[in-house]
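Trainee: mmCIF, C-alpha atoms, saved as run-v3.cif, coming up:
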```cif
data_run
loop_
_atom_site.label_atom_id
_atom_site.label_comp_id
_atom_site.auth_asym_id
_atom_site.auth_seq_id
_atom_site.Cartn_x
_atom_site.Cartn_y
_atom_site.Cartn_z
CA MET A 7 68.37 -298.55 39.17
CA LEU A 8 69.23 -300.08 35.78
CA GLU A 9 71.61 -303.02 36.01
CA ILE A 10 73.05 -304.94 33.08
CA LYS A 11 74.69 -308.11 34.35
CA ASP A 12 76.77 -310.69 32.44
CA LEU A 13 74.70 -310.00 29.33
CA THR A 14 75.15 -311.77 26.01
CA PHE A 15 73.14 -310.85 22.93
CA GLY A 16 73.47 -311.31 19.17
CA TYR A 17 71.16 -310.80 16.22
CA THR A 18 72.55 -314.05 14.77
CA LYS A 19 73.83 -317.18 16.48
CA SER A 20 77.36 -316.75 15.19
CA VAL A 21 77.91 -313.02 15.83
CA LYS A 22 77.47 -311.54 19.30
CA VAL A 23 76.92 -307.81 19.68
CA LEU A 24 77.50 -308.06 23.43
CA GLU A 25 79.08 -310.89 25.38
CA ASP A 26 79.39 -311.16 29.18
CA PHE A 27 78.79 -307.41 29.37
CA SER A 28 77.99 -305.62 32.62
CA LEU A 29 77.16 -301.98 33.38
CA THR A 30 75.10 -300.17 36.03
CA PHE A 31 73.25 -296.85 35.78
CA ASP A 32 72.40 -295.31 39.15
CA GLU A 33 69.38 -293.13 39.89
CA GLY A 34 69.64 -289.47 39.01
CA GLY A 35 71.61 -287.58 36.37
CA ILE A 36 72.21 -287.57 32.64
CA TYR A 37 74.45 -290.32 31.27
CA GLY A 38 76.26 -290.17 27.96
CA LEU A 39 76.54 -293.63 26.37
CA LEU A 40 79.30 -293.34 23.78
CA GLY A 41 81.03 -295.81 21.48
CA LYS A 42 81.90 -296.53 17.88
CA ASN A 43 79.36 -297.97 15.45
CA GLY A 44 78.61 -301.60 16.23
CA THR A 45 79.48 -301.49 19.92
CA GLY A 46 75.88 -302.22 20.94
CA LYS A 47 74.72 -298.84 22.25
CA SER A 48 71.27 -298.94 20.63
CA THR A 49 70.99 -302.64 21.42
CA LEU A 50 71.57 -301.88 25.11
CA LEU A 51 68.70 -299.37 25.09
CA TYR A 52 66.31 -301.86 23.49
CA LEU A 53 67.37 -304.56 25.95
CA ALA A 54 66.77 -302.11 28.80
CA MET A 55 63.21 -301.58 27.56
CA GLY A 56 62.57 -305.31 27.19
CA LEU A 57 62.14 -304.90 23.43
CA LEU A 58 65.01 -307.37 22.96
CA HIS A 59 65.78 -310.35 25.19
CA PRO A 60 69.30 -311.37 26.22
CA GLN A 61 70.48 -314.84 25.33
CA LYS A 62 72.36 -314.93 28.62
CA GLY A 63 72.47 -312.69 31.68
CA GLU A 64 69.83 -310.14 32.58
CA VAL A 65 68.78 -306.51 32.56
CA THR A 66 66.86 -305.33 35.61
CA TYR A 67 65.13 -302.04 36.35
CA ASN A 68 64.63 -301.47 40.07
CA GLY A 69 65.15 -305.18 40.58
CA ILE A 70 62.60 -306.31 37.95
CA ASP A 71 63.73 -308.22 34.85
CA THR A 72 62.89 -305.95 31.91
CA ARG A 73 62.07 -308.86 29.60
CA LEU A 74 58.91 -309.39 31.72
CA ARG A 75 57.61 -305.98 30.55
CA ARG A 76 55.54 -305.47 33.67
CA PRO A 77 53.19 -302.46 33.72
CA GLU A 78 54.91 -300.95 36.78
CA SER A 79 58.20 -300.94 34.88
CA LEU A 80 56.89 -299.88 31.47
CA GLY A 81 54.99 -296.96 33.00
CA ASP A 82 58.20 -295.65 34.50
CA MET A 83 60.48 -295.82 31.43
CA PHE A 84 60.36 -294.25 27.98
CA ILE A 85 62.55 -294.60 24.90
CA VAL A 86 63.15 -292.14 22.07
CA PRO A 87 64.55 -294.35 19.27
CA GLU A 88 66.64 -292.93 16.47
CA GLU A 89 63.92 -293.74 13.93
CA TYR A 90 60.18 -293.95 14.52
CA ASN A 91 56.82 -293.30 12.87
CA LEU A 92 54.03 -291.15 14.24
CA PRO A 93 50.40 -291.82 13.31
CA SER A 94 48.58 -289.57 10.88
CA ILE A 95 46.39 -287.91 13.52
CA ARG A 96 46.31 -284.67 15.47
CA LEU A 97 48.66 -284.36 18.44
CA GLU A 98 45.74 -284.02 20.88
CA GLU A 99 44.33 -287.36 19.68
CA TYR A 100 47.73 -289.01 20.02
CA LEU A 101 48.10 -287.70 23.57
CA LYS A 102 44.77 -289.25 24.57
CA VAL A 103 46.20 -292.63 23.60
CA VAL A 104 49.59 -292.12 25.26
CA ARG A 105 48.67 -290.48 28.60
CA PRO A 106 46.99 -293.49 30.29
CA PHE A 107 50.17 -295.58 30.04
CA TYR A 108 52.23 -293.12 32.12
CA PRO A 109 50.88 -292.44 35.63
CA ARG A 110 53.20 -289.44 36.14
CA PHE A 111 52.38 -287.79 32.80
CA SER A 112 52.58 -284.01 33.21
CA ASN A 113 50.59 -281.62 31.03
CA GLU A 114 52.59 -278.80 32.59
CA ILE A 115 55.89 -280.28 31.36
CA LEU A 116 54.35 -280.91 27.94
CA GLU A 117 53.24 -277.29 27.57
CA LYS A 118 56.62 -276.05 28.76
CA CYS A 119 58.55 -278.29 26.34
CA LEU A 120 56.33 -277.42 23.37
CA ALA A 121 56.77 -273.72 24.10
CA GLY A 122 60.52 -274.22 24.39
CA PHE A 123 60.62 -275.72 20.90
CA GLY A 124 58.20 -273.14 19.51
CA MET A 125 55.58 -275.83 18.87
CA SER A 126 51.85 -276.01 19.53
CA LYS A 127 49.48 -278.80 20.56
CA ASP A 128 47.24 -277.75 17.68
CA VAL A 129 49.19 -279.63 15.00
CA HIS A 130 48.56 -282.59 12.75
CA LEU A 131 51.45 -285.06 13.00
CA ALA A 132 51.34 -285.92 9.29
CA ALA A 133 52.02 -282.29 8.35
CA LEU A 134 55.30 -282.07 10.30
CA SER A 135 58.85 -282.29 9.00
CA MET A 136 61.24 -284.88 10.42
CA GLY A 137 62.82 -282.29 12.71
CA GLN A 138 59.41 -281.11 13.94
CA LYS A 139 58.32 -284.68 14.61
CA LYS A 140 61.48 -285.22 16.64
CA LYS A 141 60.65 -282.14 18.73
CA ILE A 142 57.10 -283.38 19.32
CA TYR A 143 58.29 -286.85 20.28
CA MET A 144 60.90 -285.36 22.62
CA CYS A 145 58.21 -283.27 24.31
CA ILE A 146 56.01 -286.35 24.82
CA ALA A 147 58.98 -288.30 26.19
CA LEU A 148 59.77 -285.62 28.76
CA ALA A 149 56.09 -285.08 29.63
CA ALA A 150 55.68 -288.82 30.29
CA ASN A 151 57.74 -287.89 33.35
CA THR A 152 59.21 -291.37 33.77
CA ARG A 153 62.13 -291.91 36.11
CA LEU A 154 64.10 -293.54 33.28
CA LEU A 155 64.34 -291.92 29.85
CA LEU A 156 66.43 -293.46 27.07
CA MET A 157 67.39 -291.42 23.98
CA ASP A 158 69.08 -292.80 20.87
CA GLU A 159 70.70 -290.06 18.75
CA PRO A 160 68.17 -287.45 19.92
CA THR A 161 69.71 -284.49 18.06
CA ASN A 162 69.76 -286.12 14.61
CA GLY A 163 67.50 -284.11 12.33
CA LEU A 164 67.52 -280.99 14.52
CA ASP A 165 68.87 -277.71 13.18
CA ILE A 166 71.47 -275.70 15.14
CA PRO A 167 69.00 -273.50 17.11
CA SER A 168 66.89 -276.57 17.94
CA LYS A 169 69.92 -278.42 19.30
CA SER A 170 70.54 -275.56 21.70
CA GLN A 171 66.87 -275.56 22.68
CA PHE A 172 66.99 -279.34 23.14
CA ARG A 173 69.66 -278.92 25.81
CA LYS A 174 67.59 -276.26 27.60
CA VAL A 175 64.40 -278.33 27.45
CA VAL A 176 66.09 -281.47 28.81
CA ALA A 177 67.89 -279.57 31.58
CA SER A 178 64.69 -277.82 32.66
CA GLY A 179 62.87 -281.14 33.03
CA MET A 180 65.48 -282.82 35.24
CA THR A 181 64.77 -283.76 38.86
CA ASP A 182 66.85 -285.72 41.38
CA ASP A 183 64.93 -288.96 40.81
CA LYS A 184 65.21 -288.95 37.00
CA THR A 185 67.85 -290.75 34.97
CA ILE A 186 68.38 -289.95 31.29
CA ILE A 187 70.67 -292.10 29.14
CA ILE A 188 71.69 -290.50 25.84
CA SER A 189 73.36 -292.66 23.21
CA THR A 190 74.93 -290.47 20.55
CA HIS A 191 77.78 -289.83 18.15
CA GLN A 192 77.02 -286.10 18.18
CA VAL A 193 78.97 -285.48 21.38
CA ARG A 194 79.22 -281.72 20.90
CA ASP A 195 75.43 -281.51 21.00
CA VAL A 196 75.21 -283.00 24.51
CA GLU A 197 78.56 -282.58 26.28
CA LEU A 198 77.33 -279.64 28.38
CA LEU A 199 74.34 -281.69 29.55
CA LEU A 200 76.12 -284.79 30.82
CA ASP A 201 76.70 -285.68 34.46
CA HIS A 202 78.25 -289.08 33.80
CA LEU A 203 80.15 -290.81 30.99
CA CYS A 204 79.91 -294.44 29.90
CA ILE A 205 82.25 -295.08 26.97
CA ILE A 206 82.17 -298.61 25.61
CA GLU A 207 83.72 -300.78 22.95
CA PRO A 208 82.62 -304.35 22.12
CA ASN A 209 82.27 -306.27 25.41
CA ARG A 210 84.29 -303.75 27.41
CA VAL A 211 83.64 -300.56 29.33
CA LEU A 212 86.44 -298.11 28.55
CA LEU A 213 85.28 -295.46 31.02
CA ASP A 214 82.49 -295.26 33.59
CA ALA A 215 82.92 -292.04 35.54
CA PRO A 216 81.19 -288.81 36.56
CA MET A 217 82.04 -285.81 34.39
CA ALA A 218 83.12 -283.98 37.53
CA ARG A 219 85.82 -286.58 38.22
CA VAL A 220 87.03 -286.44 34.61
CA ALA A 221 87.38 -282.65 34.90
CA GLN A 222 89.17 -282.97 38.24
CA GLN A 223 91.69 -285.52 37.01
CA LEU A 224 92.32 -284.46 33.40
CA ARG A 225 93.17 -281.19 31.66
CA PHE A 226 92.19 -280.58 28.03
CA LEU A 227 94.49 -278.04 26.37
CA GLU A 228 95.44 -276.53 23.03
CA VAL A 229 99.22 -275.99 22.83
CA ALA A 230 101.73 -274.82 20.25
CA PRO A 231 104.38 -277.26 18.98
CA GLY A 232 107.02 -277.80 21.65
CA GLU A 233 104.87 -276.43 24.51
CA ALA A 234 103.20 -279.66 25.65
CA PRO A 235 103.90 -280.64 29.28
CA ALA A 236 106.25 -283.55 29.86
CA ASP A 237 103.57 -285.76 31.38
CA VAL A 238 101.08 -285.48 28.49
CA LEU A 239 98.77 -288.50 28.34
CA TYR A 240 97.49 -288.09 24.79
CA SER A 241 97.86 -285.64 21.91
CA GLU A 242 96.41 -284.99 18.46
CA GLN A 243 97.58 -282.51 15.87
CA SER A 244 95.18 -279.59 15.52
CA LEU A 245 94.91 -276.56 13.27
CA HIS A 246 97.25 -274.40 15.36
CA GLY A 247 99.33 -277.01 17.14
CA TYR A 248 98.18 -279.89 19.34
CA SER A 249 95.10 -280.85 21.32
CA ILE A 250 96.31 -282.65 24.43
CA ILE A 251 95.14 -284.40 27.55
CA ALA A 252 97.35 -284.04 30.60
CA PRO A 253 96.97 -284.90 34.29
CA ASN A 254 95.34 -282.22 36.39
CA HIS A 255 97.68 -281.46 39.29
CA GLY A 256 95.38 -278.85 40.78
CA GLU A 257 95.95 -276.23 38.07
CA GLY A 258 92.18 -275.75 37.68
CA GLU A 259 89.50 -277.46 35.63
CA THR A 260 89.19 -277.13 31.86
CA PRO A 261 86.13 -277.93 29.71
CA VAL A 262 86.03 -281.65 28.90
CA ASN A 263 86.66 -282.31 25.21
CA LEU A 264 84.61 -285.46 24.65
CA GLU A 265 85.89 -286.13 21.15
CA LEU A 266 89.49 -285.95 22.33
CA LEU A 267 88.73 -288.09 25.38
CA PHE A 268 86.97 -290.70 23.25
CA ASN A 269 89.88 -290.92 20.81
CA SER A 270 92.37 -291.18 23.66
CA LEU A 271 90.53 -294.13 25.18
CA LEU A 272 90.64 -296.05 21.91
CA THR A 273 94.44 -296.04 21.90
CA HIS A 274 95.60 -295.19 25.44
CA ALA A 275 92.77 -296.58 27.57
CA GLU A 276 94.87 -297.79 30.50
CA LYS A 277 96.73 -294.49 30.98
CA ILE A 278 93.49 -292.47 30.88
CA GLN A 279 91.63 -294.89 33.14
CA ASN A 280 94.41 -294.90 35.73
CA GLN A 281 94.46 -291.11 35.87
CA VAL A 282 90.67 -290.73 36.10
CA ASN A 283 90.32 -293.41 38.77
CA ARG A 284 93.14 -292.15 41.02
#
```
How would this structure read if it were set down as structure tokens?
Mentor:
Amino acid sequence: MLEIKDLTFGYTKSVKVLEDFSLTFDEGGIYGLLGKNGTGKSTLLYLAMGLLHPQKGEVTYNGIDTRLRRPESLGDMFIVPEEYNLPSIRLEEYLKVVRPFYPRFSNEILEKCLAGFGMSKDVHLAALSMGQKKKIYMCIALAANTRLLLMDEPTNGLDIPSKSQFRKVVASGMTDDKTIIISTHQVRDVELLLDHLCIIEPNRVLLDAPMARVAQQLRFLEVAPGEAPADVLYSEQSLHGYSIIAPNHGEGETPVNLELLFNSLLTHAEKIQNQVNR
């Protein structure tokens, strides 16, 4: 569906954000795109939309180079950037401008999402808080009903109840042919949503795996000092002992701790990769 192949990009000639970088996102499911600051997560999303052009390599969506920005591609993808401005008009007026660009736009999904966030179509965009604007933009993004939806830090600016509602709204709008890519540092806000993990560092993919495989191959445990299994893969001191990652030998699945997994890959990438990819 979305293929990034041998891509090189930099905002200056001397410093490359991405170099000879490759990654593929298949159709269907919610991807978590995780990485430290400066690894190129947001840049990848803008390259995918054709808003930035690679200096080398290519990004294709369903076989079409995204830098061409063809109508058939643009009408089937939508991006929610971390920062954006909405015009000082009523939401109904804004929707009249947006709808024609998205052939699959669904008023039913829009109404459902607005209701989920406790919002109404009868609002003036200039009168909304940052969090309310984010909810409105999220509703429009989901209602556009594109097969590819890119989100950059979508839960920034949302209060705790709204983050919970965000997860419900996104999950309710999923279908088998939709792919959502969420780039975020707020992993606790989205970890229950994700079907697939892509964890990157500069010019390298640390992990590209379905969440189901991670849960099958790794156990995430809290243990007291001296109680860690002998084959522990990674550990961090916690409030009451240690947070650990150990191989799953069929003992049963545990909830995936994304923060712990991310930290483990920064220092013990090969051990974690080998276990996940067994």
Trainee: Would you translate the PyMOL selection byres ((chain A and resi 82) around 6) into the concrete set of residues it matches in this file, as a list in words?
Mentor: Ser79, Leu80, Gly81, Met83, Thr152 and Arg153 of chain A
Trainee: Take the PyMOL selection byres ((chain A and resi 173) around 10), run it mentally on this structure, and tell me the resulting residues as JSON, numbers by chain.
Mentor: {"A": [161, 168, 169, 170, 171, 172, 174, 175, 176, 177, 178, 195, 196, 197, 198, 199]}
Trainee: Apply the PyMOL selection byres ((chain A and resi 125) around 12) to the displayed file and report the matching residues as an NGL selection string.
Mentor: :A and (97 or 116-124 or 126-131 or 134 or 137-145 or 168 or 171)
Trainee: Between A:Gly258, A:Gly41, A:Pro231, A:Gly35, which is the closest to Leu200 (chain A) once you count all atoms listed in the file?
Mentor: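 The answer is A:Gly35, which sits nearest to Leu200 (chain A).
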Trainee: Pick the closest to Ile205 (chain A) from A:Ser244, A:Asn68, A:Asn269, A:Ser20: which is it, counting only C-alpha atoms?
Mentor: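 Selected residue with least distance to Ile205 (chain A): A:Asn269.
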Trainee: Name the residues in contact with Ile250 (chain A) at a cut-off of 6 Å, using only C-alpha atoms, excluding same-chain residues fewer than 2 positions from it; report them as a PyMOL selection string.
Mentor: chain A and resi 226-227+240-241
Trainee: Between CA of Val86 (chain A) and CA of Leu155 (chain A), measure the distance and give it in Å to one decimal.
Mentor: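 Value for the CA of Val86 (chain A)-CA of Leu155 (chain A) distance: 7.9 Å.
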Trainee: Please determine, counting only C-alpha atoms, which residue among A:Ser28, A:Ser48, A:Gln223, A:Ser112 has the shortest atom-to-atom distance to Glu257 (chain A).
Mentor: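 When distances to Glu257 (chain A) are compared using only C-alpha atoms, the smallest one comes from A:Gln223.
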Trainee: So that I can check the surroundings of Cys204 (chain A), please list as a list in words every protein, DNA and RNA residue that reaches within 6 Å of it, counting all atoms listed in the file and ignoring chain neighbours fewer than 2 positions away.
Mentor: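 That gives Gly38, Leu39, Leu213 and Asp214 of chain A.
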Trainee: In Å to one decimal, how far is CA of Glu159 (chain A) from CA of Gly46 (chain A)?
Mentor: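 Separation of CA of Gly46 (chain A) and CA of Glu159 (chain A): 13.4 Å.
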Trainee: Can you measure CA of Thr181 (chain A) to CA of Pro77 (chain A) for me? One decimal in Å is fine.
Mentor: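 Between these atoms lies a distance of 22.6 Å.
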Trainee: Could you pull the residues within 9 Å of Leu50 (chain A), counting only C-alpha atoms, minus those fewer than 4 positions along the same chain, as a VMD selection string?
Mentor: chain A and resid 10 24 46 54 to 55 58
Trainee: So that I have them on file, write out the residues from the current selection with C-alpha atoms, as a PDB file, in the frame of the given file.
Mentor:
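The resulting again-v7.pdb:
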```pdb
ATOM      1  CA  ILE A  10      73.050-304.940  33.080  1.00  0.00           C
ATOM      2  CA  LEU A  24      77.500-308.060  23.430  1.00  0.00           C
ATOM      3  CA  GLY A  46      75.880-302.220  20.940  1.00  0.00           C
ATOM      4  CA  ALA A  54      66.770-302.110  28.800  1.00  0.00           C
ATOM      5  CA  MET A  55      63.210-301.580  27.560  1.00  0.00           C
ATOM      6  CA  LEU A  58      65.010-307.370  22.960  1.00  0.00           C
TER       7      LEU A  58
END
```
